[in-house]
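As stored in data.txt (compact mmCIF, C-alpha atoms):
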```txt
# COMPACT_ATOMS: atom_id res chain seq x y z
CA MET A 1 39.94 -72.86 -16.08
CA SER A 2 42.47 -72.78 -18.89
CA LYS A 3 43.81 -69.41 -20.05
CA ILE A 4 44.54 -68.02 -23.49
CA LEU A 5 47.69 -65.99 -24.13
CA ASN A 6 48.83 -64.17 -27.26
CA ASP A 7 52.44 -64.82 -28.19
CA ALA A 8 54.51 -62.83 -30.70
CA ILE A 9 55.86 -66.03 -32.28
CA HIS A 10 53.13 -68.67 -31.97
CA GLY A 11 50.00 -66.52 -31.82
CA THR A 12 47.15 -67.82 -29.63
CA ILE A 13 48.28 -70.24 -26.90
CA GLU A 14 45.84 -72.06 -24.61
CA LEU A 15 47.30 -73.31 -21.34
CA ASP A 16 46.03 -75.93 -18.89
CA PRO A 17 45.08 -74.63 -15.39
CA LEU A 18 48.02 -76.54 -13.81
CA LEU A 19 50.43 -74.75 -16.16
CA ILE A 20 48.92 -71.42 -15.07
CA LYS A 21 49.49 -72.39 -11.42
CA ILE A 22 53.18 -72.95 -12.21
CA ILE A 23 53.47 -69.67 -14.13
CA ASP A 24 51.95 -67.75 -11.21
CA THR A 25 54.67 -68.86 -8.75
CA PRO A 26 57.45 -66.39 -7.79
CA GLN A 27 60.02 -68.97 -8.94
CA PHE A 28 58.66 -68.89 -12.49
CA GLN A 29 57.91 -65.15 -12.52
CA ARG A 30 61.61 -64.42 -11.91
CA LEU A 31 62.21 -65.53 -15.51
CA ARG A 32 60.65 -62.22 -16.60
CA ASN A 33 63.89 -60.55 -15.44
CA ILE A 34 66.36 -62.93 -17.11
CA LYS A 35 67.31 -61.93 -20.64
CA GLN A 36 67.19 -64.81 -23.10
CA LEU A 37 70.39 -63.70 -24.86
CA GLY A 38 72.37 -62.27 -21.94
CA GLY A 39 75.03 -59.88 -23.27
CA CYS A 40 73.48 -59.80 -26.78
CA TYR A 41 71.01 -57.21 -25.51
CA PHE A 42 73.90 -54.71 -25.27
CA VAL A 43 74.73 -55.27 -28.95
CA TYR A 44 71.22 -55.77 -30.40
CA PRO A 45 68.84 -53.34 -28.61
CA SER A 46 65.73 -55.21 -29.81
CA ALA A 47 66.89 -58.55 -28.33
CA SER A 48 65.04 -57.77 -25.11
CA HIS A 49 63.02 -61.00 -24.84
CA ASN A 50 63.23 -63.02 -21.64
CA ARG A 51 63.32 -66.64 -20.50
CA PHE A 52 59.69 -66.19 -19.40
CA GLU A 53 58.16 -66.05 -22.87
CA HIS A 54 60.60 -68.62 -24.26
CA SER A 55 59.50 -71.12 -21.59
CA ILE A 56 55.83 -70.60 -22.44
CA GLY A 57 56.62 -70.98 -26.16
CA THR A 58 58.54 -74.21 -25.55
CA CYS A 59 55.61 -75.52 -23.48
CA PHE A 60 53.25 -74.78 -26.38
CA LEU A 61 55.46 -76.49 -28.98
CA ALA A 62 55.96 -79.49 -26.68
CA GLY A 63 52.18 -79.90 -26.56
CA GLN A 64 51.94 -79.51 -30.36
CA MET A 65 54.64 -82.14 -30.92
CA ALA A 66 53.03 -84.55 -28.42
CA CYS A 67 49.63 -84.22 -30.13
CA GLN A 68 51.12 -84.76 -33.60
CA LEU A 69 53.08 -87.84 -32.51
CA GLN A 70 50.03 -89.39 -30.84
CA LYS A 71 47.79 -88.66 -33.83
CA ARG A 72 50.30 -90.19 -36.26
CA LEU A 73 50.88 -93.14 -33.91
CA ASP A 74 47.15 -93.94 -33.84
CA ARG A 75 47.05 -93.86 -37.66
CA ASP A 76 50.12 -96.08 -37.99
CA ILE A 77 48.75 -98.62 -35.48
CA GLU A 78 45.44 -98.75 -37.35
CA MET A 79 47.13 -99.13 -40.75
CA LEU A 80 49.59 -101.82 -39.60
CA GLY A 81 46.84 -103.72 -37.78
CA LYS A 82 44.88 -104.28 -41.00
CA ASP A 83 47.54 -106.55 -42.53
CA LYS A 84 48.33 -109.87 -40.85
CA ASN A 85 51.97 -109.55 -41.97
CA THR A 86 52.43 -106.25 -40.11
CA LYS A 87 50.05 -106.82 -37.19
CA LYS A 88 52.94 -107.68 -34.84
CA TYR A 89 54.39 -104.18 -35.44
CA ALA A 90 51.03 -102.60 -34.57
CA ILE A 91 50.99 -104.53 -31.27
CA LYS A 92 54.54 -103.36 -30.57
CA LEU A 93 53.69 -99.73 -31.34
CA LYS A 94 50.70 -99.82 -28.97
CA GLU A 95 53.22 -99.90 -26.10
CA ALA A 96 54.36 -96.41 -27.19
CA LYS A 97 50.93 -94.78 -26.85
CA MET A 98 50.73 -91.54 -24.90
CA THR A 99 48.11 -90.69 -22.28
CA GLU A 100 46.67 -87.23 -21.55
CA ASP A 101 48.69 -87.22 -18.31
CA ASP A 102 51.87 -87.94 -20.31
CA LYS A 103 51.08 -85.01 -22.60
CA LEU A 104 50.57 -82.66 -19.66
CA CYS A 105 53.87 -83.80 -18.10
CA ILE A 106 55.64 -83.07 -21.41
CA GLU A 107 54.10 -79.57 -21.43
CA ILE A 108 55.20 -79.00 -17.80
CA ALA A 109 58.74 -80.13 -18.72
CA GLY A 110 58.75 -77.64 -21.61
CA LEU A 111 57.50 -74.90 -19.30
CA CYS A 112 60.05 -75.61 -16.55
CA HIS A 113 63.10 -76.63 -18.60
CA ASP A 114 64.79 -73.22 -18.08
CA ILE A 115 63.50 -72.42 -14.60
CA GLY A 116 67.01 -73.06 -13.24
CA HIS A 117 68.69 -70.28 -15.24
CA GLY A 118 70.59 -67.60 -13.35
CA PRO A 119 71.42 -63.95 -14.20
CA TYR A 120 72.19 -63.32 -17.89
CA SER A 121 71.19 -66.90 -18.81
CA HIS A 122 74.14 -69.03 -19.99
CA LEU A 123 76.68 -66.53 -18.71
CA PHE A 124 75.83 -67.72 -15.18
CA ASP A 125 76.28 -71.47 -15.69
CA VAL A 126 79.18 -71.26 -18.18
CA LEU A 127 81.45 -68.20 -17.85
CA PHE A 128 80.67 -67.42 -14.21
CA MET A 129 80.96 -71.05 -13.14
CA LYS A 130 84.29 -71.43 -14.97
CA ALA A 131 85.64 -68.25 -13.31
CA MET A 132 84.46 -69.39 -9.86
CA LYS A 133 86.00 -72.83 -10.41
CA GLU A 134 89.37 -71.16 -11.06
CA LYS A 135 88.96 -69.09 -7.91
CA ASP A 136 87.77 -72.01 -5.79
CA PRO A 137 88.68 -75.49 -7.19
CA GLN A 138 86.49 -77.12 -4.51
CA MET A 139 83.35 -75.58 -5.98
CA LYS A 140 80.86 -78.12 -7.33
CA LYS A 141 79.90 -77.73 -11.00
CA TRP A 142 76.27 -77.42 -12.04
CA THR A 143 74.12 -77.00 -15.13
CA HIS A 144 70.89 -75.05 -15.46
CA GLU A 145 69.07 -78.36 -16.14
CA TYR A 146 70.28 -79.68 -12.78
CA VAL A 147 69.10 -76.50 -11.07
CA SER A 148 65.74 -76.77 -12.90
CA ARG A 149 65.23 -80.21 -11.34
CA LYS A 150 66.01 -78.77 -7.91
CA MET A 151 63.78 -75.74 -8.55
CA ILE A 152 60.77 -77.98 -9.28
CA ASP A 153 61.10 -79.52 -5.80
CA TYR A 154 61.60 -76.09 -4.24
CA MET A 155 58.62 -74.65 -6.11
CA MET A 156 56.36 -77.45 -4.85
CA LYS A 157 57.63 -76.97 -1.30
CA LYS A 158 57.16 -73.19 -1.22
CA ASN A 159 53.79 -73.07 -3.01
CA THR A 160 51.31 -75.31 -1.19
CA GLU A 161 48.49 -74.37 -3.57
CA LEU A 162 50.55 -75.61 -6.53
CA ALA A 163 51.54 -78.81 -4.70
CA THR A 164 47.88 -79.50 -3.90
CA ALA A 165 46.81 -78.88 -7.51
CA PHE A 166 49.60 -81.18 -8.73
CA LYS A 167 48.55 -84.00 -6.37
CA ASP A 168 44.89 -83.53 -7.33
CA ARG A 169 45.77 -83.77 -11.04
CA PHE A 170 47.88 -86.92 -10.55
CA PRO A 171 46.29 -88.51 -7.46
CA LYS A 172 47.64 -92.04 -7.91
CA ASP A 173 51.21 -91.41 -9.03
CA TRP A 174 52.13 -87.76 -8.42
CA VAL A 175 55.63 -88.66 -7.10
CA LYS A 176 56.40 -90.68 -10.24
CA ARG A 177 54.96 -87.93 -12.41
CA LYS A 178 57.25 -85.34 -10.83
CA ALA A 179 60.26 -87.60 -11.43
CA PHE A 180 59.09 -88.16 -15.03
CA ILE A 181 58.94 -84.38 -15.63
CA LYS A 182 62.49 -83.98 -14.32
CA ASP A 183 63.70 -86.79 -16.58
CA LEU A 184 62.03 -85.16 -19.60
CA ILE A 185 64.04 -81.99 -18.86
CA ASP A 186 67.27 -84.00 -18.76
CA GLY A 187 66.61 -85.97 -21.93
CA GLU A 188 68.95 -88.91 -22.29
CA LYS A 189 70.51 -89.00 -18.82
CA THR A 190 67.86 -91.23 -17.29
CA LYS A 191 66.09 -92.36 -20.46
CA ARG A 192 68.39 -95.35 -20.92
CA LYS A 193 67.49 -96.68 -17.47
CA THR A 194 63.77 -96.90 -18.14
CA LYS A 195 62.30 -100.37 -18.61
CA ASP A 196 59.56 -98.96 -20.81
CA LYS A 197 61.79 -98.36 -23.85
CA ALA A 198 58.80 -98.16 -26.20
CA ARG A 199 58.02 -94.74 -24.68
CA SER A 200 61.57 -93.40 -24.89
CA TYR A 201 60.66 -91.05 -27.77
CA MET A 202 58.96 -88.82 -25.20
CA TYR A 203 62.39 -87.90 -23.80
CA GLU A 204 63.38 -86.43 -27.19
CA ILE A 205 60.61 -83.81 -27.34
CA VAL A 206 61.98 -81.15 -24.95
CA ALA A 207 65.68 -82.10 -24.80
CA ASN A 208 66.76 -84.38 -27.66
CA LYS A 209 70.16 -85.84 -26.80
CA ARG A 210 70.08 -88.09 -29.88
CA ASN A 211 70.30 -85.38 -32.56
CA ALA A 212 69.68 -82.05 -30.75
CA ILE A 213 66.48 -81.34 -32.74
CA ASP A 214 63.86 -80.49 -30.12
CA VAL A 215 61.11 -77.97 -29.37
CA ASP A 216 63.42 -75.92 -27.14
CA LYS A 217 65.61 -75.03 -30.13
CA MET A 218 62.61 -74.58 -32.41
CA ASP A 219 61.24 -71.89 -30.12
CA TYR A 220 64.45 -70.02 -29.33
CA PHE A 221 65.63 -69.98 -32.96
CA ALA A 222 62.34 -68.40 -34.04
CA ARG A 223 62.22 -66.08 -31.01
CA ASP A 224 65.87 -65.02 -31.20
CA CYS A 225 65.63 -64.30 -34.94
CA HIS A 226 62.52 -62.20 -34.26
CA GLY A 227 64.27 -60.25 -31.48
CA LEU A 228 67.54 -59.82 -33.37
CA GLY A 229 65.85 -58.76 -36.62
CA MET A 230 67.27 -61.74 -38.53
CA LYS A 231 65.48 -64.12 -40.88
CA SER A 232 65.02 -67.86 -40.41
CA ASN A 233 63.85 -70.12 -43.23
CA PHE A 234 63.30 -73.10 -40.93
CA ASP A 235 59.58 -73.95 -40.69
CA HIS A 236 59.07 -75.61 -37.31
CA LEU A 237 55.33 -76.17 -37.85
CA ARG A 238 55.99 -78.08 -41.07
CA PHE A 239 58.71 -80.12 -39.35
CA ILE A 240 56.40 -81.05 -36.46
CA SER A 241 53.65 -82.06 -38.92
CA GLN A 242 56.02 -84.59 -40.54
CA CYS A 243 57.16 -86.27 -37.29
CA ARG A 244 56.19 -89.79 -36.28
CA VAL A 245 57.20 -92.45 -33.75
CA MET A 246 59.38 -95.31 -35.01
CA PHE A 247 61.57 -97.96 -33.45
CA SER A 248 65.22 -97.00 -33.66
CA SER A 249 67.57 -98.77 -36.07
CA ASP A 250 70.53 -98.70 -33.66
CA ILE A 251 68.56 -99.73 -30.54
CA PRO A 252 65.62 -101.82 -31.87
CA ASP A 253 63.66 -101.90 -28.58
CA GLU A 254 63.71 -98.09 -28.25
CA THR A 255 61.44 -95.67 -30.02
CA THR A 256 62.63 -92.39 -31.49
CA ILE A 257 61.13 -89.37 -33.25
CA ALA A 258 61.55 -89.82 -37.01
CA VAL A 259 60.85 -87.40 -39.83
CA ARG A 260 60.20 -87.74 -43.56
CA ASP A 261 63.20 -87.66 -45.93
CA LYS A 262 61.63 -84.76 -47.82
CA GLU A 263 62.29 -82.60 -44.74
CA GLU A 264 66.02 -82.70 -45.51
CA HIS A 265 66.12 -79.14 -46.85
CA ASN A 266 64.00 -77.80 -43.99
CA LEU A 267 66.43 -79.42 -41.54
CA TYR A 268 69.32 -77.86 -43.42
CA GLU A 269 67.71 -74.47 -42.77
CA LEU A 270 67.49 -75.31 -39.05
CA PHE A 271 71.25 -75.79 -38.78
CA HIS A 272 71.93 -72.91 -41.19
CA THR A 273 69.93 -70.64 -38.87
CA ARG A 274 71.83 -72.02 -35.88
CA ILE A 275 75.29 -71.28 -37.26
CA GLY A 276 74.13 -67.82 -38.35
CA LEU A 277 72.91 -67.00 -34.84
CA PHE A 278 76.17 -68.19 -33.28
CA ARG A 279 78.34 -66.20 -35.67
CA ARG A 280 76.34 -62.99 -35.76
CA ALA A 281 74.89 -62.81 -32.23
CA TYR A 282 75.80 -65.40 -29.57
CA TYR A 283 79.55 -65.25 -30.31
CA HIS A 284 79.67 -61.60 -31.48
CA LYS A 285 82.96 -60.13 -30.20
CA VAL A 286 81.21 -57.30 -28.32
CA THR A 287 78.69 -59.74 -26.82
CA LYS A 288 81.56 -61.85 -25.44
CA ALA A 289 83.39 -58.75 -24.18
CA VAL A 290 80.27 -57.54 -22.32
CA GLU A 291 79.70 -61.00 -20.84
CA LEU A 292 83.32 -61.23 -19.64
CA MET A 293 82.92 -57.87 -17.85
CA PHE A 294 79.67 -59.03 -16.23
CA THR A 295 81.41 -62.25 -15.19
CA ASP A 296 84.16 -60.26 -13.45
CA ALA A 297 81.49 -58.23 -11.63
CA LEU A 298 79.60 -61.35 -10.51
CA VAL A 299 82.79 -63.03 -9.26
CA LYS A 300 83.62 -59.95 -7.15
CA ALA A 301 80.03 -59.68 -5.88
CA ASN A 302 79.97 -63.37 -4.92
CA ASP A 303 81.87 -62.72 -1.66
CA HIS A 304 79.42 -60.02 -0.58
CA LEU A 305 75.95 -61.20 -1.71
CA LEU A 306 75.33 -63.96 0.81
CA PHE A 307 72.26 -66.20 1.18
CA LYS A 308 71.57 -68.84 3.81
CA ASN A 309 71.71 -72.41 2.56
CA LYS A 310 69.91 -75.43 4.07
CA ASN A 311 72.69 -75.77 6.66
CA GLY A 312 72.23 -72.22 7.86
```
Encoded form using structure tokens:
Amino acid sequence: MSKILNDAIHGTIELDPLLIKIIDTPQFQRLRNIKQLGGCYFVYPSASHNRFEHSIGTCFLAGQMACQLQKRLDRDIEMLGKDKNTKKYAIKLKEAKMTEDDKLCIEIAGLCHDIGHGPYSHLFDVLFMKAMKEKDPQMKKWTHEYVSRKMIDYMMKKNTELATAFKDRFPKDWVKRKAFIKDLIDGEKTKRKTKDKARSYMYEIVANKRNAIDVDKMDYFARDCHGLGMKSNFDHLRFISQCRVMFSSDIPDETTIAVRDKEEHNLYELFHTRIGLFRRAYYHKVTKAVELMFTDALVKANDHLLFKNKNG
């Protein structure tokens, strides 16, 4: 059965049973203990929200965006198909149609996009990694998206009930579906390789490498402003309602997520909110000072907190 959650930002959220299975794993539950804003919590006492609720919020918005795009796509195909002069465009757009399985994969990607985050969020894969690289030049770099891909495999391996539910939900192509979810988390990295370029807009929903406007940012801007006690004039629900699928002007065979020109001012507010958050919170001088101290502590602890890897 699906479950209904109440979220401080999005209100009532209904989640598919497979999403609940993922949330109930220890690998996902650990996100309850990872602060969304890292060192900001020591400057803004109310910024206590975690990666856990942000991941659920991103999952919800990913589903909202997918539904809106499919609804608008159906209307555009119907409208273009009525005129013999535009019928060829309707046939072309039909290749971009989304299935219910595609929508669920997009929601899973939204749910798991941050599952690879370490302690204090970006402190771990930016400041800590940079400090460790200086200490040990042989150390291999990583990103939290890369770790999220690895964590999905690990989560399936360690939770047989989840793996069974996943295979039951996608009985014919569960291996391809898992790879598709990982690619959705990455965004552009593997999108260009796909032969099915008409469906490439799907890779812009969770991690948009074309223009950086995606549901991940929509959730954390709203959530961070709420936690920090700041105001945001960007209306993500209005923006989503104005989105549609179109073929790109720079790569004609590829689809992209387009938005009405009248959303210009709303988009301005998105980037205005972003720069405000960076100046007043993310790059606050005390936030950075706290994070540098935590980085020093983690670097020193690294030699003493040992875990066995796959080679023993």
Within 12 Å of stretch 54-64 of chain A: each stretch 121-202 of chain A residue with its shortest pair, only C-alpha atoms, as CSV:
```
residue,atom,partner,partner_atom,distance
A:Leu184,CA,A:Ala62,CA,10.9
A:Ile185,CA,A:Ala62,CA,11.5
A:Met202,CA,A:Ala62,CA,9.9
```
(request) Select, from A:Lys141, A:Lys209, A:Lys182, A:Arg72, the residue with the minimum atom-to-atom distance to A:Asp153, counting only C-alpha atoms. (result)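 Residue with the minimum atom-to-atom distance to A:Asp153: A:Lys182.
Distance-wise, atom CA of A:Asp214 and atom CA of A:Glu78 end up 26.9 Å apart.
Atom CA of A:His236 sits 15.4 Å away from atom CA of A:Asp261.
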(message) Here is a test: counting all atoms listed in the file, which residue of A:Ser48, A:Asn309, A:Asp219, A:Tyr120 is nearest to A:Val290?
(response)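 Of A:Ser48, A:Asn309, A:Asp219, A:Tyr120, the one nearest A:Val290, counting all atoms listed in the file, is A:Tyr120.
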(request) Name the closest residue to A:Lys103 among the candidates A:Ile181, A:Met79, A:Leu305, A:Leu127; distances are taken between atoms, counting only C-alpha atoms. (result) A:Ile181
(request) Point out the residue among A:Ile9, A:Ile20, A:Ala301, A:Ala258 with the least atom-to-atom distance to A:Ala222, counting only C-alpha atoms. (result)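 Using only C-alpha atoms, A:Ala222 sits closest to A:Ile9.
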